[in-house]
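*Asks:* What follows is protein37.cif, mmCIF, C-alpha atoms and all ligand atoms.
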data_run
loop_
_atom_site.label_atom_id
_atom_site.label_comp_id
_atom_site.auth_asym_id
_atom_site.auth_seq_id
_atom_site.Cartn_x
_atom_site.Cartn_y
_atom_site.Cartn_z
CA MET A 3 -3.07 80.72 -29.98
CA THR A 4 -5.82 78.20 -30.62
CA GLU A 5 -5.84 75.17 -28.41
CA LYS A 6 -4.65 71.93 -29.99
CA ARG A 7 -7.39 69.37 -30.58
CA TYR A 8 -5.39 66.26 -29.80
CA TRP A 9 -2.65 65.59 -27.31
CA ASP A 10 -0.53 63.82 -29.95
CA GLU A 11 -2.02 64.73 -33.30
CA GLU A 12 0.48 62.69 -35.27
CA MET A 13 -0.19 59.38 -33.49
CA GLU A 14 -3.91 59.93 -32.95
CA THR A 15 -4.73 60.78 -36.55
CA LYS A 16 -2.32 58.62 -38.59
CA SER A 17 -3.80 56.60 -41.47
CA ARG A 18 -4.60 52.99 -40.58
CA ASP A 19 -2.06 51.66 -43.09
CA GLU A 20 0.74 53.78 -41.69
CA MET A 21 -0.17 52.82 -38.14
CA ARG A 22 -0.22 49.15 -39.08
CA SER A 23 3.26 49.34 -40.47
CA ILE A 24 4.51 51.11 -37.30
CA GLN A 25 2.89 48.36 -35.23
CA GLU A 26 4.39 45.63 -37.38
CA SER A 27 7.95 46.90 -37.03
CA LYS A 28 7.54 47.46 -33.27
CA ILE A 29 6.11 43.95 -32.80
CA LEU A 30 8.96 42.28 -34.73
CA LYS A 31 11.49 44.12 -32.56
CA THR A 32 9.63 43.32 -29.33
CA LEU A 33 9.37 39.59 -30.13
CA SER A 34 13.14 38.99 -30.02
CA TYR A 35 13.54 41.11 -26.89
CA VAL A 36 10.78 39.23 -25.07
CA TYR A 37 11.96 35.80 -26.23
CA GLU A 38 15.49 36.49 -25.01
CA ASN A 39 14.46 37.95 -21.66
CA SER A 40 11.06 36.68 -20.46
CA ALA A 41 11.22 33.13 -19.10
CA PHE A 42 7.42 32.83 -19.27
CA HIS A 43 7.14 33.77 -22.94
CA LYS A 44 10.18 31.68 -23.91
CA LYS A 45 8.70 28.57 -22.31
CA LEU A 46 5.29 29.16 -23.90
CA TRP A 47 6.71 29.72 -27.39
CA ASN A 48 9.16 26.81 -27.13
CA GLU A 49 6.25 24.52 -26.24
CA LYS A 50 4.50 25.67 -29.46
CA GLY A 51 7.71 25.42 -31.49
CA ILE A 52 7.72 29.16 -32.27
CA GLN A 53 10.88 31.24 -32.63
CA PRO A 54 10.89 35.02 -33.27
CA ARG A 55 12.86 34.44 -36.51
CA ASP A 56 9.84 32.52 -37.90
CA ILE A 57 7.68 35.65 -37.62
CA LYS A 58 8.21 38.11 -40.45
CA THR A 59 4.87 39.91 -40.79
CA LEU A 60 1.88 40.94 -38.71
CA GLU A 61 -0.06 38.10 -40.37
CA ASP A 62 2.60 35.56 -39.24
CA PHE A 63 2.35 37.04 -35.77
CA GLN A 64 -1.43 36.74 -35.55
CA SER A 65 -1.53 33.21 -36.91
CA ASN A 66 1.43 31.68 -35.04
CA VAL A 67 2.27 33.41 -31.77
CA PRO A 68 0.24 31.90 -28.91
CA CYS A 69 -2.06 33.93 -26.66
CA PHE A 70 -1.94 33.58 -22.89
CA ASN A 71 -4.09 34.60 -19.93
CA LYS A 72 -3.71 35.41 -16.27
CA GLU A 73 -4.40 31.85 -15.15
CA MET A 74 -1.32 30.75 -17.09
CA LEU A 75 0.73 33.44 -15.37
CA ARG A 76 -0.43 32.31 -11.93
CA ALA A 77 0.33 28.68 -12.82
CA TYR A 78 3.85 29.74 -13.82
CA ARG A 79 4.22 31.63 -10.53
CA ASP A 80 3.08 28.64 -8.47
CA GLU A 81 5.46 26.34 -10.30
CA ASN A 82 8.50 28.61 -10.17
CA GLY A 83 7.91 30.76 -7.09
CA ASP A 84 8.60 33.90 -9.17
CA ALA A 85 6.57 36.92 -7.95
CA PHE A 86 6.67 38.40 -11.46
CA CYS A 87 5.47 35.21 -13.18
CA GLY A 88 8.49 34.91 -15.50
CA MET A 89 7.58 38.21 -17.18
CA LEU A 90 10.45 40.36 -15.99
CA CYS A 91 12.87 41.22 -18.81
CA VAL A 92 15.29 43.45 -16.87
CA PRO A 93 17.08 43.09 -13.50
CA THR A 94 14.83 44.29 -10.66
CA GLU A 95 17.35 47.02 -9.79
CA GLN A 96 16.40 48.73 -13.06
CA CYS A 97 12.76 48.89 -11.92
CA ILE A 98 11.42 51.74 -9.85
CA TYR A 99 7.77 50.86 -9.21
CA SER A 100 5.66 47.81 -8.57
CA SER A 101 2.05 47.46 -7.49
CA MET A 102 -0.74 44.95 -7.02
CA SER A 103 -3.36 44.18 -9.64
CA SER A 104 -6.92 44.55 -8.35
CA GLY A 105 -7.33 40.77 -8.38
CA THR A 106 -10.95 40.79 -9.59
CA THR A 107 -10.46 37.48 -11.38
CA GLY A 108 -8.32 35.72 -8.78
CA GLU A 109 -5.20 36.21 -6.68
CA ALA A 110 -3.40 39.50 -7.31
CA THR A 111 -0.28 39.72 -9.44
CA TYR A 112 2.53 42.31 -9.24
CA PRO A 113 2.94 44.58 -12.25
CA ILE A 114 6.42 46.10 -12.36
CA PHE A 115 7.87 49.07 -14.25
CA THR A 116 11.10 50.83 -15.20
CA LYS A 117 11.28 54.62 -15.29
CA ARG A 118 10.82 54.50 -19.06
CA ASP A 119 7.68 52.34 -18.61
CA MET A 120 6.26 54.94 -16.27
CA ASP A 121 6.95 57.65 -18.84
CA ILE A 122 5.06 55.60 -21.44
CA ALA A 123 2.19 55.10 -18.97
CA ALA A 124 2.13 58.86 -18.34
CA GLU A 125 2.01 59.52 -22.10
CA ASN A 126 -0.93 57.13 -22.36
CA GLY A 127 -2.57 58.92 -19.41
CA ALA A 128 -1.99 62.40 -20.86
CA ARG A 129 -3.65 61.39 -24.14
CA ASN A 130 -6.59 59.92 -22.29
CA LEU A 131 -7.04 62.91 -20.01
CA TRP A 132 -6.78 65.34 -22.92
CA THR A 133 -9.50 63.38 -24.72
CA GLN A 134 -11.60 63.60 -21.54
CA GLY A 135 -11.20 67.38 -21.44
CA LEU A 136 -8.33 67.95 -18.99
CA ARG A 137 -6.14 70.92 -19.96
CA PRO A 138 -3.14 72.79 -18.53
CA ARG A 139 -4.08 74.55 -15.29
CA LYS A 140 -7.27 72.49 -14.95
CA ARG A 141 -7.87 69.94 -12.20
CA LEU A 142 -8.15 66.19 -11.93
CA LEU A 143 -9.68 64.44 -8.94
CA TYR A 144 -8.53 60.84 -8.92
CA ASP A 145 -9.74 58.34 -6.37
CA LEU A 146 -8.61 54.77 -6.55
CA PRO A 147 -6.21 53.38 -3.95
CA HIS A 148 -2.85 51.68 -4.64
CA HIS A 149 -3.51 50.83 -8.28
CA PRO A 150 -0.80 50.82 -10.97
CA ILE A 151 -2.78 53.08 -13.30
CA ILE A 152 -1.90 55.85 -10.86
CA CYS A 153 1.22 56.11 -13.11
CA SER A 154 -1.03 56.96 -16.06
CA MET A 155 -3.49 59.22 -14.26
CA VAL A 156 -1.21 61.31 -12.08
CA GLY A 157 1.79 61.09 -14.46
CA GLY A 158 -0.49 62.10 -17.35
CA ALA A 159 -1.96 65.07 -15.47
CA ILE A 160 1.51 66.33 -14.53
CA LYS A 161 2.72 65.88 -18.11
CA LEU A 162 -0.07 68.01 -19.54
CA GLY A 163 0.33 70.67 -16.87
CA ALA A 164 -2.80 70.05 -14.81
CA LEU A 165 -3.17 69.65 -11.06
CA ALA A 166 -4.01 66.16 -9.80
CA LEU A 167 -5.55 65.43 -6.42
CA ASN A 168 -5.40 61.78 -5.41
CA LYS A 169 -8.14 61.24 -2.87
CA ALA A 170 -7.32 57.51 -2.77
CA VAL A 171 -10.66 56.35 -1.37
CA PRO A 172 -13.52 55.95 -3.85
CA ILE A 173 -17.18 56.40 -2.88
CA THR A 174 -18.10 53.25 -1.00
CA SER A 175 -20.26 54.79 1.74
CA GLU A 176 -22.17 57.92 2.69
CA PHE A 177 -19.14 59.07 4.71
CA GLU A 178 -16.89 58.97 1.64
CA LEU A 179 -19.62 60.61 -0.43
CA GLU A 180 -19.74 63.56 1.96
CA ARG A 181 -15.97 63.95 1.72
CA HIS A 182 -16.32 63.95 -2.07
CA VAL A 183 -19.07 66.54 -1.93
CA ALA A 184 -16.71 68.85 0.00
CA THR A 185 -14.00 68.19 -2.61
CA PHE A 186 -16.40 69.03 -5.45
CA LYS A 187 -17.28 72.25 -3.65
CA TYR A 188 -13.77 73.46 -2.79
CA PHE A 189 -11.31 71.76 -5.18
CA LYS A 190 -13.73 71.96 -8.15
CA PRO A 191 -12.29 69.23 -10.39
CA ASP A 192 -12.75 69.46 -14.17
CA VAL A 193 -12.35 65.70 -14.58
CA TRP A 194 -13.29 63.24 -11.88
CA PHE A 195 -12.20 59.62 -11.88
CA LEU A 196 -13.95 57.38 -10.69
CA LEU A 197 -17.67 57.09 -10.93
CA SER A 198 -18.51 53.42 -10.41
CA PRO A 199 -21.74 51.39 -10.26
CA PRO A 200 -21.95 51.33 -6.42
CA ALA A 201 -21.09 55.05 -6.29
CA VAL A 202 -24.00 55.84 -8.63
CA SER A 203 -26.34 53.94 -6.37
CA ILE A 204 -25.05 55.41 -3.07
CA MET A 205 -25.16 58.93 -4.52
CA GLY A 206 -28.68 58.49 -5.91
CA ASP A 207 -29.98 57.39 -2.48
CA TYR A 208 -28.16 60.19 -0.69
CA PHE A 209 -29.48 62.95 -2.95
CA LYS A 210 -33.01 61.62 -2.51
CA LYS A 211 -32.74 61.26 1.29
CA LYS A 212 -31.34 64.77 1.78
CA SER A 213 -33.57 66.32 -0.92
CA ILE A 214 -30.48 67.64 -2.67
CA ASP A 215 -30.47 68.72 -6.31
CA PRO A 216 -27.29 67.02 -7.60
CA LYS A 217 -26.86 69.76 -10.20
CA ASN A 218 -25.88 72.04 -7.29
CA ILE A 219 -23.20 69.61 -6.09
CA PHE A 220 -21.01 69.10 -9.14
CA PRO A 221 -18.74 71.80 -10.57
CA LYS A 222 -20.08 73.21 -13.85
CA GLY A 223 -18.95 71.23 -16.89
CA MET A 224 -17.22 68.50 -14.87
CA VAL A 225 -16.69 65.20 -16.68
CA ALA A 226 -17.12 62.03 -14.66
CA VAL A 227 -14.99 59.13 -15.83
CA TYR A 228 -16.80 55.87 -15.40
CA GLY A 229 -14.98 52.60 -14.81
CA GLY A 230 -15.44 49.16 -13.36
CA GLU A 231 -17.86 48.05 -16.04
CA PRO A 232 -19.32 49.30 -19.32
CA VAL A 233 -21.75 52.23 -19.29
CA THR A 234 -25.25 51.53 -20.59
CA GLU A 235 -27.02 54.21 -22.61
CA GLY A 236 -29.83 54.27 -20.02
CA MET A 237 -27.40 55.16 -17.25
CA ARG A 238 -25.56 57.76 -19.33
CA LYS A 239 -28.81 59.55 -20.19
CA SER A 240 -30.34 59.46 -16.72
CA ILE A 241 -27.14 60.77 -15.09
CA PHE A 242 -26.88 63.56 -17.62
CA ASN A 243 -30.52 64.56 -17.20
CA GLU A 244 -30.75 64.23 -13.41
CA TRP A 245 -27.22 65.16 -12.29
CA GLY A 246 -26.11 67.41 -15.14
CA ILE A 247 -22.76 65.66 -15.69
CA GLU A 248 -21.31 63.93 -18.73
CA ILE A 249 -20.02 60.41 -18.30
CA LEU A 250 -17.03 59.15 -20.30
CA SER A 251 -16.24 55.48 -20.10
CA GLN A 252 -12.65 54.44 -19.42
CA GLY A 253 -11.21 50.95 -19.71
CA GLY A 254 -7.80 49.46 -19.20
CA THR A 255 -5.68 47.35 -16.96
CA GLY A 256 -3.11 47.82 -14.25
CA ASP A 257 -1.32 44.66 -15.37
CA PHE A 258 0.87 46.63 -17.75
CA CYS A 259 -0.57 50.08 -17.10
CA TRP A 260 -2.69 50.71 -20.17
CA ILE A 261 -5.85 52.79 -20.46
CA ASN A 262 -8.30 53.86 -23.15
CA THR A 263 -11.25 56.23 -23.14
CA GLU A 264 -14.32 57.47 -24.93
CA CYS A 265 -14.19 60.92 -26.49
CA HIS A 266 -17.16 63.29 -26.28
CA GLU A 267 -18.76 61.52 -29.27
CA HIS A 268 -19.42 58.50 -27.01
CA ASP A 269 -18.65 56.06 -29.80
CA GLY A 270 -16.18 53.47 -28.51
CA LEU A 271 -12.99 53.78 -26.48
CA HIS A 272 -9.90 55.17 -28.26
CA CYS A 273 -6.77 53.02 -27.93
CA PRO A 274 -3.15 54.28 -28.07
CA ASP A 275 -2.22 52.21 -31.14
CA ASP A 276 1.45 53.22 -31.24
CA LEU A 277 1.87 51.95 -27.64
CA THR A 278 -0.15 48.72 -27.84
CA PHE A 279 -1.42 46.35 -30.52
CA VAL A 280 -5.03 45.45 -29.80
CA GLU A 281 -6.76 42.32 -31.17
CA VAL A 282 -10.17 40.75 -30.75
CA VAL A 283 -9.85 36.96 -30.83
CA ASP A 284 -12.06 33.91 -30.55
CA PRO A 285 -11.72 32.95 -26.84
CA LYS A 286 -11.29 29.26 -27.70
CA THR A 287 -9.20 29.24 -30.89
CA ASN A 288 -7.35 32.57 -30.39
CA VAL A 289 -7.95 33.37 -34.08
CA PRO A 290 -8.80 37.08 -34.67
CA VAL A 291 -12.54 37.51 -35.35
CA PRO A 292 -13.81 39.61 -38.30
CA ALA A 293 -14.16 43.38 -37.60
CA GLY A 294 -17.28 44.20 -35.61
CA GLU A 295 -17.72 40.69 -34.20
CA LYS A 296 -17.62 39.92 -30.52
CA GLY A 297 -14.51 38.24 -29.12
CA GLU A 298 -11.95 38.42 -26.34
CA LEU A 299 -9.57 41.37 -26.10
CA ALA A 300 -5.88 40.42 -26.49
CA ILE A 301 -3.10 42.99 -26.10
CA THR A 302 0.54 43.23 -27.07
CA THR A 303 2.61 46.05 -25.58
CA LEU A 304 4.89 47.79 -28.07
CA GLU A 305 7.01 49.94 -25.77
CA MET A 306 7.12 48.34 -22.32
CA GLN A 307 10.54 47.38 -20.99
CA ALA A 308 10.23 45.66 -17.58
CA ALA A 309 7.36 43.25 -18.25
CA PRO A 310 6.05 43.48 -21.82
CA VAL A 311 3.17 41.21 -22.80
CA ILE A 312 2.57 39.44 -26.10
CA ARG A 313 -1.05 38.55 -26.96
CA PHE A 314 -2.29 38.74 -23.36
CA LYS A 315 -6.01 37.81 -23.24
CA MET A 316 -7.77 40.24 -20.91
CA ASP A 317 -11.03 38.37 -20.14
CA ASP A 318 -12.98 41.29 -21.69
CA ILE A 319 -15.57 40.54 -24.36
CA VAL A 320 -15.45 43.41 -26.85
CA THR A 321 -16.00 44.46 -30.43
CA MET A 322 -13.60 46.72 -32.32
CA THR A 323 -13.71 49.17 -35.19
CA ASP A 324 -10.87 50.86 -37.05
CA LYS A 325 -13.10 53.36 -38.86
CA SER A 326 -12.28 57.01 -38.08
CA CYS A 327 -14.27 58.60 -35.26
CA THR A 328 -16.23 61.81 -35.86
CA CYS A 329 -13.83 63.50 -33.40
CA GLY A 330 -11.15 63.11 -36.10
CA ARG A 331 -9.06 60.46 -34.35
CA THR A 332 -8.19 57.43 -36.46
CA THR A 333 -7.21 55.07 -33.63
CA SER A 334 -8.84 51.69 -33.16
CA ARG A 335 -11.87 51.88 -30.87
CA LEU A 336 -13.24 49.25 -28.53
CA TYR A 337 -16.79 48.67 -27.38
CA TYR A 338 -16.77 46.75 -24.10
CA TYR A 339 -19.52 44.25 -23.58
CA ASP A 340 -18.83 42.27 -20.40
CA ARG A 341 -16.22 40.08 -18.70
CA LYS A 342 -15.82 36.62 -20.17
CA VAL A 343 -15.79 35.19 -16.66
CA ASN A 344 -19.36 36.56 -16.23
CA GLU A 345 -20.76 34.49 -19.08
CA THR A 346 -23.40 32.16 -17.67
CA ILE A 347 -25.00 29.34 -19.63
CA ILE A 348 -28.73 28.90 -18.99
CA ALA A 349 -30.60 26.22 -20.93
CA GLY A 350 -27.75 26.18 -23.44
CA LYS A 351 -27.90 29.97 -24.00
CA SER A 352 -25.03 32.35 -23.24
CA ILE A 353 -26.15 35.17 -20.91
CA PHE A 354 -24.13 38.15 -19.65
CA PRO A 355 -25.04 40.40 -16.68
CA ILE A 356 -24.95 43.51 -18.91
CA GLU A 357 -27.97 42.17 -20.81
CA ILE A 358 -29.91 41.86 -17.54
CA ARG A 359 -28.87 45.37 -16.52
CA GLN A 360 -30.05 46.94 -19.78
CA LEU A 361 -33.42 45.20 -19.42
CA LEU A 362 -33.90 46.22 -15.77
CA GLU A 363 -33.21 49.86 -16.66
CA GLU A 364 -36.51 49.88 -18.59
CA PHE A 365 -38.57 49.86 -15.37
CA PRO A 366 -38.75 52.80 -12.94
CA GLU A 367 -38.74 50.42 -9.96
CA THR A 368 -35.46 48.83 -11.07
CA LYS A 369 -34.03 51.67 -13.16
CA ASP A 370 -30.55 51.49 -11.55
CA GLY A 371 -30.16 48.20 -13.39
CA ILE A 372 -28.73 46.47 -10.34
CA GLY A 373 -29.03 42.74 -10.83
CA GLN A 374 -26.96 39.73 -9.93
CA ILE A 375 -27.05 36.40 -11.68
CA VAL A 376 -27.15 33.65 -9.07
CA ARG A 377 -25.26 30.52 -10.06
CA TYR A 378 -26.98 27.76 -8.11
CA ALA A 379 -25.74 24.67 -9.95
CA ASP A 380 -23.22 23.53 -12.53
CA LYS A 381 -25.93 23.09 -15.12
CA MET A 382 -28.87 25.52 -15.01
CA GLU A 383 -32.12 25.46 -16.96
CA THR A 384 -33.72 28.52 -15.33
CA LEU A 385 -32.11 31.92 -14.84
CA LYS A 386 -32.04 33.09 -11.23
CA VAL A 387 -31.59 36.83 -10.74
CA ARG A 388 -31.36 38.91 -7.58
CA VAL A 389 -32.76 42.35 -8.44
CA GLY A 390 -32.33 45.62 -6.52
CA TYR A 391 -35.59 47.59 -6.47
CA ASP A 392 -37.04 50.76 -5.00
CA PRO A 393 -39.70 49.75 -2.42
CA VAL A 394 -41.04 53.34 -2.21
CA ILE A 395 -42.38 53.45 -5.76
CA THR A 396 -43.24 49.74 -6.11
CA LYS A 397 -46.99 49.36 -5.73
CA ASP A 398 -47.39 45.66 -6.50
CA ILE A 399 -44.29 43.48 -6.32
CA LYS A 400 -46.05 40.47 -7.91
CA LYS A 401 -46.91 42.55 -10.97
CA LEU A 402 -43.34 43.84 -11.15
CA GLU A 403 -42.07 40.27 -10.97
CA ALA A 404 -44.29 39.20 -13.86
CA LYS A 405 -43.23 42.21 -15.96
CA VAL A 406 -39.52 41.53 -15.40
CA GLN A 407 -39.93 37.81 -16.13
CA THR A 408 -41.75 38.50 -19.41
CA THR A 409 -39.12 41.04 -20.48
CA LEU A 410 -36.26 38.64 -19.69
CA TYR A 411 -38.02 35.80 -21.50
CA ASN A 412 -38.71 37.88 -24.62
CA ALA A 413 -35.17 39.22 -24.81
CA LEU A 414 -33.09 36.24 -23.68
CA GLY A 415 -35.36 33.27 -24.35
CA VAL A 416 -35.07 31.78 -20.87
CA ARG A 417 -37.42 31.39 -17.91
CA SER A 418 -36.39 33.17 -14.72
CA ILE A 419 -36.77 33.21 -10.97
CA ILE A 420 -36.60 36.75 -9.57
CA GLU A 421 -35.60 37.53 -6.03
CA PHE A 422 -36.19 41.19 -5.12
CA VAL A 423 -33.94 42.78 -2.54
CA SER A 424 -33.60 46.36 -1.35
CA MET A 425 -30.67 48.35 -2.70
CA GLU A 426 -29.09 48.44 0.77
CA GLN A 427 -28.74 44.67 0.84
CA ILE A 428 -27.29 44.31 -2.59
CA LYS A 429 -24.71 47.09 -2.47
CA SER A 430 -21.10 46.15 -2.55
CA LEU A 431 -18.25 47.86 -0.76
CA SER A 432 -15.93 47.32 -3.68
CA HIS A 433 -15.55 49.67 -6.65
CA LYS A 434 -16.35 46.68 -8.81
CA PHE A 435 -19.89 45.43 -8.31
CA PRO A 436 -20.24 41.63 -8.19
CA ARG A 437 -22.66 40.78 -10.98
CA ILE A 438 -22.40 37.06 -10.40
CA LEU A 439 -23.06 35.21 -7.14
CA LYS A 440 -22.10 31.60 -6.70
CA GLU A 441 -24.38 29.71 -4.31
CA TYR A 442 -23.21 26.14 -4.48
ZN ZN A 501 -13.56 59.99 -30.93
#
Kindly present the structure from the file in C-alpha cells form.
*Replies:*
Amino acid sequence: MTEKRYWDEEMETKSRDEMRSIQESKILKTLSYVYENSAFHKKLWNEKGIQPRDIKTLEDFQSNVPCFNKEMLRAYRDENGDAFCGMLCVPTEQCIYSSMSSGTTGEATYPIFTKRDMDIAAENGARNLWTQGLRPRKRLLYDLPHHPIICSMVGGAIKLGALALNKAVPITSEFELERHVATFKYFKPDVWFLLSPPAVSIMGDYFKKKSIDPKNIFPKGMVAVYGGEPVTEGMRKSIFNEWGIEILSQGGTGDFCWINTECHEHDGLHCPDDLTFVEVVDPKTNVPVPAGEKGELAITTLEMQAAPVIRFKMDDIVTMTDKSCTCGRTTSRLYYYDRKVNETIIAGKSIFPIEIRQLLEEFPETKDGIGQIVRYADKMETLKVRVGYDPVITKDIKKLEAKVQTTLYNALGVRSIIEFVSMEQIKSLSHKFPRILKEY
C-alpha cells in the first residue's frame, strides 16, 4: 500500500471556495454559542452594539465583529477576578486540562480545555507532524516544559501511531545539550521539536569547542522543528550545510492550542482552515488587509468548546497567501515576520529585530544574527544595537563596526550605535530570545 500524502486529504486539499463556505457556516454557529456563554465576548460585543443575529455572512463578520487582544483579556481578569478572563463557555467540571501561557508579552493566562478540545488539538498536531515527516512507528522528541501545545504534539503523535518522548527541558545550557546529544544517539528521533535561537547558538559553540562534526550527532534524515521566532533563509541554509539537518518552521499559540507548520517546500506555514479562521488585519483599524500585505494575525476558533476565541489578535506581524502550495495542499499559508510588540520607531521609521538579524547574517563575524535593539528613550533618532560577535575571527573591530553601520544605514535608512558583546554575554536562558532591551 502506498503511503498517504496528507494526514487529512479532504480538509488539506479542499478548494478555497468550498473551504470558505465551511468556515462561514462554522463561524455563524460559533457566534451564537460564544455570545450566550462567554462573558468577555458578550460584554465586548454589547459595547459595540453587535448581536450574532446581525451577522449573516463572512463579510458581515469581518466588517462588524470586533477584534480583541491579550491586554483586553488581562484587563477583564483584573476587573472581574476571573482566572479564565470571561472566556469560559462551559462549567469548569466539564474541563479536563488547563495550563499556563508562556507569558512572553506579559503576565501568563490560563488556557483551558474540554476533552473534545484536546481531541481537536491532537488532530491539529497530527496534521502538523505528518507534514513535518512523522509517520506511524517513527519517533518524536519534544522538549518544551508545561506548555498547552503538549496536547497537540503528544496527542498528535499518539493519534498517528508514532512514539513521543517528552524531554521537557529545552537546550538552554551545555548540560542540557549533552543530554540531548545522548537522546539523539540512543532514541534517534525522526522529528525533533524544538530548535530555538539560543539552542542554535549554544550548539554552534559546543561543536566548535569540542571539534565535533555535527553531522555525526544527528540521526540521519531528522527534521528539526524551529520555533520561538521566524527562520531566516541564512540560518536555514547554514544549518543545512554545516549540521546536515532540515529546519521546518512551526508557529502557533498555547492560548487556544493551535499550531501551523511549513512543509518541505519551505513556502509559508500551513494552517488548519477547517479548525480556525485566520485573518490578517490592520493593527489599528482591524480591517483585513489585501492579500500579501503585512498586518496583524487575528484568529477565530471554529471547533473549540471550553474557551473559543473570536478575532483574537495574536501580536504577530504576518502576510498570508491562499494560493495552492507546490506540495498540493490548498490551505491558507502564513509568513511570519516579527512580533508587533518588537516594532521600534527610530527617526520616524518602523524597525523590526528580524531586519537587523538578516543584515547581521551577511558577515562571518556576526553570522548567527544575534542582535538586540536597545530602547534607551521614548523617542529615538539613532538606532542602538547590541550585537553578538565572534572575537576569534574578528581582526579589526572598528572596521567591523563601520561595515555593520553602513549596511544598517543602506537597508534601514537610520544611523546606528553598535555595541559589540561576546555571545556568552548576550545569550538568554529562555527558549525565546529577547530581541528588545529596554534601558530607561
Ligand atoms: Zn506546502
*Asks:* Per residue of chain A within 8 Å of ligand ZN 501 (chain A), what are the shortest atom pair and its distance in Å to one decimal, counting only C-alpha atoms and all ligand atoms, with rows by chain and residue number, as a Markdown table?
*Replies:*
| residue | atom | partner | partner_atom | distance |
| --- | --- | --- | --- | --- |
| A:Glu264 | CA | A:ZN501 | ZN | 6.6 |
| A:Cys265 | CA | A:ZN501 | ZN | 4.6 |
| A:His266 | CA | A:ZN501 | ZN | 6.7 |
| A:Glu267 | CA | A:ZN501 | ZN | 5.7 |
| A:His268 | CA | A:ZN501 | ZN | 7.2 |
| A:Asp269 | CA | A:ZN501 | ZN | 6.5 |
| A:Gly270 | CA | A:ZN501 | ZN | 7.4 |
| A:Leu271 | CA | A:ZN501 | ZN | 7.7 |
| A:His272 | CA | A:ZN501 | ZN | 6.6 |
| A:Ser326 | CA | A:ZN501 | ZN | 7.9 |
| A:Cys327 | CA | A:ZN501 | ZN | 4.6 |
| A:Thr328 | CA | A:ZN501 | ZN | 5.9 |
| A:Cys329 | CA | A:ZN501 | ZN | 4.3 |
| A:Gly330 | CA | A:ZN501 | ZN | 6.5 |
| A:Arg331 | CA | A:ZN501 | ZN | 5.7 |
*Asks:* Point out the residue among A:Asn39, A:Glu367, A:Ile420, A:Tyr208 with the least atom-to-atom distance to Lys397 of chain A, counting only C-alpha atoms.
*Replies:*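 Under the stated criterion, the closest residue is A:Glu367.
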*Asks:* Do you have the atom CA of Ile151 of chain A-atom CA of Val291 of chain A distance handy?
*Replies:*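 Interatomic distance, atom CA of Ile151 of chain A to atom CA of Val291 of chain A: 28.7 Å.
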*Asks:* Which residues are near Asp215 of chain A? Cut-off 12 Å, all atoms listed in the file, ignore same chain within fewer than 5 positions. Put them as number ranges by chain.
*Replies:* A: 205-210, 220, 243-246
*Asks:* So which one's closest to Arg313 of chain A, A:Val280, A:Ala293, A:Leu136, A:Cys97? Using all atoms listed in the file, please.
*Replies:*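 Checking each candidate against Arg313 of chain A, we get A:Val280 as the closest.
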*Asks:* To one decimal in Å, tell me the separation between atom CA of Arg377 of chain A and atom CA of Glu421 of chain A.
*Replies:*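 Computed distance, atom CA of Arg377 of chain A to atom CA of Glu421 of chain A, equals 13.1 Å.
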*Asks:* Would you pick out the contacts of segment 52-57 of chain A at 10 Å or less, using only C-alpha atoms, so that residues sharing its chain but fewer than 6 positions from it are not included, and give the list as a PyMOL selection string?
*Replies:* chain A and resi 29-38+44+46+63-68
*Asks:* Determine, counting all atoms listed in the file, which protein, DNA and RNA residues have an atom within 8 Å of an atom of segment 3-10 of chain A; residues of the same chain fewer than 3 positions away are not included. Present the result as a ChimeraX atom specification.
*Replies:* /A:13-14,128-129,132-133
*Asks:* For segment 177-193 of chain A, what centre and edge lengths in Å (one decimal) does the axis-aligned box get once 3 Å is added on each side of all its listed atoms, as lines of an AutoDock Vina configuration file?
*Replies:*
center_x = -15.5
center_y = 66.2
center_z = -4.9
size_x = 14.4
size_y = 20.5
size_z = 25.3
*Asks:* Set the distance at 10 Å and use all atoms listed in the file: which residues neighbour Ile348 of chain A once local chain neighbours fewer than 2 positions away are removed? I'd like the list as number ranges by chain.
*Replies:* A: 345-346, 350-353, 377, 381-386, 414-418
*Asks:* In Å to one decimal, how far is atom CA of Glu298 of chain A from atom CA of Lys342 of chain A?
*Replies:*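 Result for atom CA of Lys342 of chain A versus atom CA of Glu298 of chain A: 7.5 Å, one decimal.
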*Asks:* Counting only C-alpha atoms, figure out which residue out of A:Tyr144, A:Phe115, A:Phe86, A:Tyr338 gets nearest to Asp192 of chain A.
*Replies:* A:Tyr144
*Asks:* With a distance cut-off of 8 Å and only C-alpha atoms, select the neighbouring residues of Asp276 of chain A, excluding the residue or stretch itself and same-chain residues fewer than 6 positions from it, and output the selection as JSON, numbers by chain.
*Replies:* {"A": [13, 21, 24, 25, 304]}
*Asks:* Point out the residue among A:Ile347, A:Tyr378, A:Lys405, A:Ser424 with the least atom-to-atom distance to Asp392 of chain A, counting only C-alpha atoms.
*Replies:* A:Ser424
*Asks:* Nearest to Gly229 of chain A among A:Ser213, A:Thr278, A:Gln134, A:Gln252, with distances taken over all atoms listed in the file: which residue is it?
*Replies:* A:Gln252
*Asks:* Would you list the residues near (-12.8, 59.9, -13.9) (no more than 9 Å away, in the coordinates of the file, using all atoms listed in the file) as a PyMOL selection string?
*Replies:* chain A and resi 131+134+142-145+193-197+225-229+249-252
